[in-house]
>>> print(open('my_file-v6.cif').read())   # mmCIF, C-alpha atoms
data_my_file
loop_
_atom_site.label_atom_id
_atom_site.label_comp_id
_atom_site.auth_asym_id
_atom_site.auth_seq_id
_atom_site.Cartn_x
_atom_site.Cartn_y
_atom_site.Cartn_z
CA MET A 1 0.00 0.00 0.00
CA SER A 2 1.50 3.32 -1.01
CA ARG A 3 1.51 6.17 1.46
CA THR A 4 2.07 9.89 0.96
CA LEU A 5 4.47 11.35 3.51
CA SER A 6 5.54 14.93 4.09
CA ASN A 7 8.96 16.06 2.91
CA ALA A 8 10.13 16.30 6.54
CA ALA A 9 9.08 12.70 7.20
CA LEU A 10 10.75 11.42 4.03
CA GLN A 11 13.94 13.28 4.87
CA ALA A 12 13.90 11.82 8.41
CA ILE A 13 13.37 8.29 7.10
CA TYR A 14 16.09 8.46 4.46
CA SER A 15 18.67 10.32 6.57
CA GLN A 16 21.47 8.44 8.25
CA GLU A 17 20.86 10.57 11.36
CA THR A 18 17.92 12.79 12.23
CA ASN A 19 16.52 14.77 15.12
CA GLN A 20 12.94 14.08 13.99
CA VAL A 21 10.78 11.97 16.31
CA PHE A 22 7.79 9.95 15.10
CA LEU A 23 4.98 9.76 17.68
CA VAL A 24 1.96 7.47 17.81
CA LEU A 25 -1.34 9.09 18.79
CA LEU A 26 -3.99 6.77 20.22
CA GLU A 27 -7.65 7.59 20.82
CA ILE A 28 -10.02 5.16 22.57
CA ASP A 29 -13.65 6.14 22.09
CA HIS A 30 -17.09 4.66 22.74
CA ALA A 31 -20.66 5.96 22.81
CA ASP A 32 -20.77 5.33 26.59
CA LEU A 33 -17.70 7.49 27.25
CA VAL A 34 -18.15 11.18 28.03
CA ASP A 35 -14.73 12.01 26.58
CA PRO A 36 -12.41 9.76 24.59
CA ILE A 37 -9.11 8.67 26.09
CA ARG A 38 -6.28 10.30 24.12
CA VAL A 39 -2.68 9.24 24.71
CA VAL A 40 0.65 9.73 22.97
CA SER A 41 3.82 7.63 22.98
CA ASN A 42 5.87 10.49 24.38
CA HIS A 43 7.14 11.92 27.66
CA GLN A 44 5.13 15.11 27.35
CA ALA A 45 1.64 16.06 26.21
CA ILE A 46 1.11 16.87 22.54
CA THR A 47 -1.66 18.94 20.95
CA SER A 48 -2.54 17.69 17.48
CA ASN A 49 -5.34 19.19 15.41
CA GLY A 50 -6.86 20.85 18.48
CA GLN A 51 -6.88 17.68 20.64
CA THR A 52 -4.55 17.15 23.60
CA TYR A 53 -2.92 13.74 23.98
CA VAL A 54 -1.45 12.91 27.38
CA PRO A 55 1.80 10.96 27.73
CA TYR A 56 1.28 7.27 28.37
CA ALA A 57 3.37 4.17 27.83
CA PHE A 58 1.98 1.81 25.19
CA GLU A 59 3.07 -0.38 22.30
CA PHE A 60 1.29 -0.44 18.96
CA ASP A 61 2.11 -3.33 16.65
CA PRO A 62 0.58 -2.34 13.28
CA PRO A 63 -1.12 -4.82 10.95
CA ASP A 64 0.73 -6.31 8.00
CA GLU A 65 0.39 -4.40 4.75
CA ARG A 66 0.46 -7.37 2.41
CA GLU A 67 -1.77 -7.31 -0.65
CA GLY A 68 -5.00 -9.26 -0.20
CA VAL A 69 -4.43 -10.07 3.48
CA ILE A 70 -6.39 -8.54 6.34
CA THR A 71 -4.57 -8.88 9.64
CA SER A 72 -5.19 -7.43 13.07
CA ALA A 73 -2.93 -5.11 14.99
CA LYS A 74 -1.91 -5.49 18.63
CA LEU A 75 -2.10 -2.94 21.42
CA ILE A 76 -0.33 -3.23 24.78
CA ILE A 77 -0.88 -0.43 27.30
CA ASP A 78 0.86 -0.07 30.65
CA ASN A 79 -1.61 -0.60 33.48
CA ILE A 80 -0.15 2.09 35.72
CA ASP A 81 -3.25 3.80 37.12
CA ARG A 82 -6.11 1.37 36.41
CA THR A 83 -8.15 4.00 34.50
CA ILE A 84 -7.93 2.09 31.23
CA VAL A 85 -8.98 -1.23 32.82
CA ALA A 86 -11.91 0.38 34.64
CA THR A 87 -13.03 2.08 31.42
CA ILE A 88 -12.78 -1.06 29.27
CA ARG A 89 -14.55 -3.20 31.89
CA SER A 90 -17.45 -0.73 32.02
CA LEU A 91 -18.16 -1.02 28.26
CA THR A 92 -20.59 -3.61 26.92
CA THR A 93 -19.43 -3.39 23.30
CA PRO A 94 -15.91 -2.99 21.86
CA PRO A 95 -14.49 0.55 21.87
CA THR A 96 -13.12 2.20 18.75
CA VAL A 97 -9.38 2.82 18.67
CA THR A 98 -7.98 5.39 16.25
CA VAL A 99 -4.23 5.43 15.62
CA SER A 100 -2.30 8.21 13.88
CA ILE A 101 1.42 8.78 13.42
CA ILE A 102 2.89 12.28 13.47
CA LEU A 103 6.23 14.04 13.68
CA ALA A 104 6.83 15.81 17.00
CA ASP A 105 7.90 18.97 15.16
CA SER A 106 4.68 19.16 13.11
CA PRO A 107 1.92 17.58 15.23
CA ASP A 108 -0.93 18.80 13.02
CA VAL A 109 0.32 16.83 10.00
CA ILE A 110 -0.81 13.19 10.10
CA GLU A 111 1.96 11.15 8.45
CA ALA A 112 0.14 7.81 8.64
CA GLY A 113 -3.48 7.15 9.45
CA PRO A 114 -5.82 7.68 10.93
CA LEU A 115 -6.36 3.95 11.21
CA THR A 116 -9.60 2.94 12.92
CA PHE A 117 -10.01 -0.39 14.69
CA LEU A 118 -12.24 -2.16 17.18
CA LEU A 119 -10.54 -3.29 20.39
CA ARG A 120 -11.28 -7.00 20.97
CA ASN A 121 -9.94 -9.89 23.04
CA VAL A 122 -8.81 -7.63 25.87
CA THR A 123 -6.76 -9.17 28.66
CA TYR A 124 -5.09 -7.47 31.58
CA ASP A 125 -2.91 -8.08 34.57
CA VAL A 126 -1.12 -5.88 37.09
CA GLU A 127 1.35 -4.62 34.51
CA THR A 128 -0.41 -4.35 31.14
CA VAL A 129 -3.68 -4.20 29.26
CA SER A 130 -3.52 -5.84 25.84
CA GLY A 131 -5.92 -6.52 23.03
CA ASP A 132 -6.35 -7.13 19.33
CA LEU A 133 -7.18 -4.23 17.05
CA ILE A 134 -9.58 -5.54 14.40
CA TYR A 135 -10.39 -3.60 11.22
CA ASP A 136 -13.97 -4.72 10.93
CA GLU A 137 -16.51 -7.16 12.27
CA LEU A 138 -15.78 -9.50 9.36
CA ASP A 139 -17.49 -12.46 10.98
CA ASN A 140 -20.78 -10.54 11.13
CA LEU A 141 -20.92 -9.86 7.40
CA ASN A 142 -23.51 -11.73 5.35
CA ILE A 143 -21.83 -13.52 2.50
CA PRO A 144 -23.24 -13.35 -0.04
CA GLY A 145 -24.77 -9.96 0.71
CA ASP A 146 -28.17 -10.83 -0.79
CA THR A 147 -30.19 -14.00 -0.82
CA PHE A 148 -32.15 -14.79 -3.94
CA ASN A 149 -35.50 -16.18 -2.83
CA PRO A 150 -39.00 -16.31 -4.42
CA VAL A 151 -40.34 -13.52 -2.16
CA ASP A 152 -37.70 -10.91 -3.02
CA PHE A 153 -36.81 -12.05 -6.56
CA GLY A 154 -39.99 -13.64 -7.96
CA GLY A 155 -38.84 -13.31 -11.59
CA LEU A 156 -35.99 -15.73 -11.04
CA PHE A 157 -38.25 -18.59 -10.00
#
>>> encode(input="my_file-v6.cif", output="structure tokens")
Amino acid sequence: MSRTLSNAALQAIYSQETNQVFLVLLEIDHADLVDPIRVVSNHQAITSNGQTYVPYAFEFDPPDEREGVITSAKLIIDNIDRTIVATIRSLTTPPTVTVSIILADSPDVIEAGPLTFLLRNVTYDVETVSGDLIYDELDNLNIPGDTFNPVDFGGLF
């Protein structure tokens, strides 16, 4: 999959050394939440496109970008203050997780994303909260999309 990057990002990627820092922005949202949880993989808060992301330790393992293959991503968040666990446990349906990648020097320019997932298969312990980030509810799709029956398609029978 081709991706359009800014000149600053391309220069940082192709340089032998750079002072540019790529940051991952993560937003966890659900209809039952008053405000989404917004965190950044950084040591200080970042404001991107008018939204403030607080520093939080997490790992984002992106999905494969192979042609014709749909894979899930993985999210591991440090369980340091129990807010994330309490929030996830209170939800009855999977929350939406939006991931974007930015450069620290230009936080309003999204270099990759936003990628939107559903958080499923959540597990947690004293140290971490982890889960699978699924693109879509593929197992809930009707395949084929339509059923040809005498009631709906009388001319076929």
>>> closest_residue(input="my_file-v6.cif", among="A:Ala31, A:Asp125, A:Thr98, A:Ser130", to="A:Glu59", atoms="all atoms listed in the file")
A:Ser130
>>> closest_residue(input="my_file-v6.cif", among="A:Val39, A:Ile101, A:Val85, A:Leu115", to="A:Tyr56", atoms="all atoms listed in the file")
A:Val39
>>> closest_residue(input="my_file-v6.cif", among="A:Thr128, A:Leu5, A:Glu17, A:Leu26", to="A:Thr83", atoms="all atoms listed in the file")
A:Thr128
>>> resolve_selection(input="my_file-v6.cif", expression="the PyMOL selection byres ((chain A and resi 46-49) around 9)", output="list in words")
Leu25, Val39, Val40, Asn42, Gln44, Ala45, Gly50, Gln51, Thr52, Tyr53, Val54, Pro55, Ile102, Ala104, Ser106, Pro107, Asp108, Val109 and Ile110 of chain A
>>> atom_distance(input="my_file-v6.cif", atom1="atom CA of A:Thr71", atom2="atom CA of A:Tyr135")
8.0 Å
>>> closest_residue(input="my_file-v6.cif", among="A:Ile28, A:Leu103, A:Ile77, A:Ile37", to="A:Ala8", atoms="only C-alpha atoms")
A:Leu103
>>> atom_distance(input="my_file-v6.cif", atom1="atom CA of A:Glu27", atom2="atom CA of A:Gln11")
27.4 Å
>>> atom_distance(input="my_file-v6.cif", atom1="atom CA of A:Thr92", atom2="atom CA of A:Phe58")
23.3 Å
>>> residues_around(input="my_file-v6.cif", residues="A:Pro94", least_positions_apart="3", cutoff="9 Å", atoms="only C-alpha atoms", output="ChimeraX atom specification")
/A:30,88,91,118-120
>>> closest_residue(input="my_file-v6.cif", among="A:Asp61, A:Asp132, A:Glu127, A:Asp81", to="A:Val24", atoms="only C-alpha atoms")
A:Asp61
>>> residues_around(input="my_file-v6.cif", residues="A:Tyr124", least_positions_apart="5", cutoff="12 Å", atoms="all atoms listed in the file", output="PyMOL selection string")
chain A and resi 75-80+82+84-86+88-89+129-131
>>> closest_residue(input="my_file-v6.cif", among="A:Ser15, A:Val122, A:Ala73, A:Pro95", to="A:Asp32", atoms="all atoms listed in the file")
A:Pro95
>>> residues_around(input="my_file-v6.cif", residues="A:Ser6", least_positions_apart="3", cutoff="8 Å", atoms="all atoms listed in the file", output="list in words")
Ala9, Leu10 and Glu111 of chain A
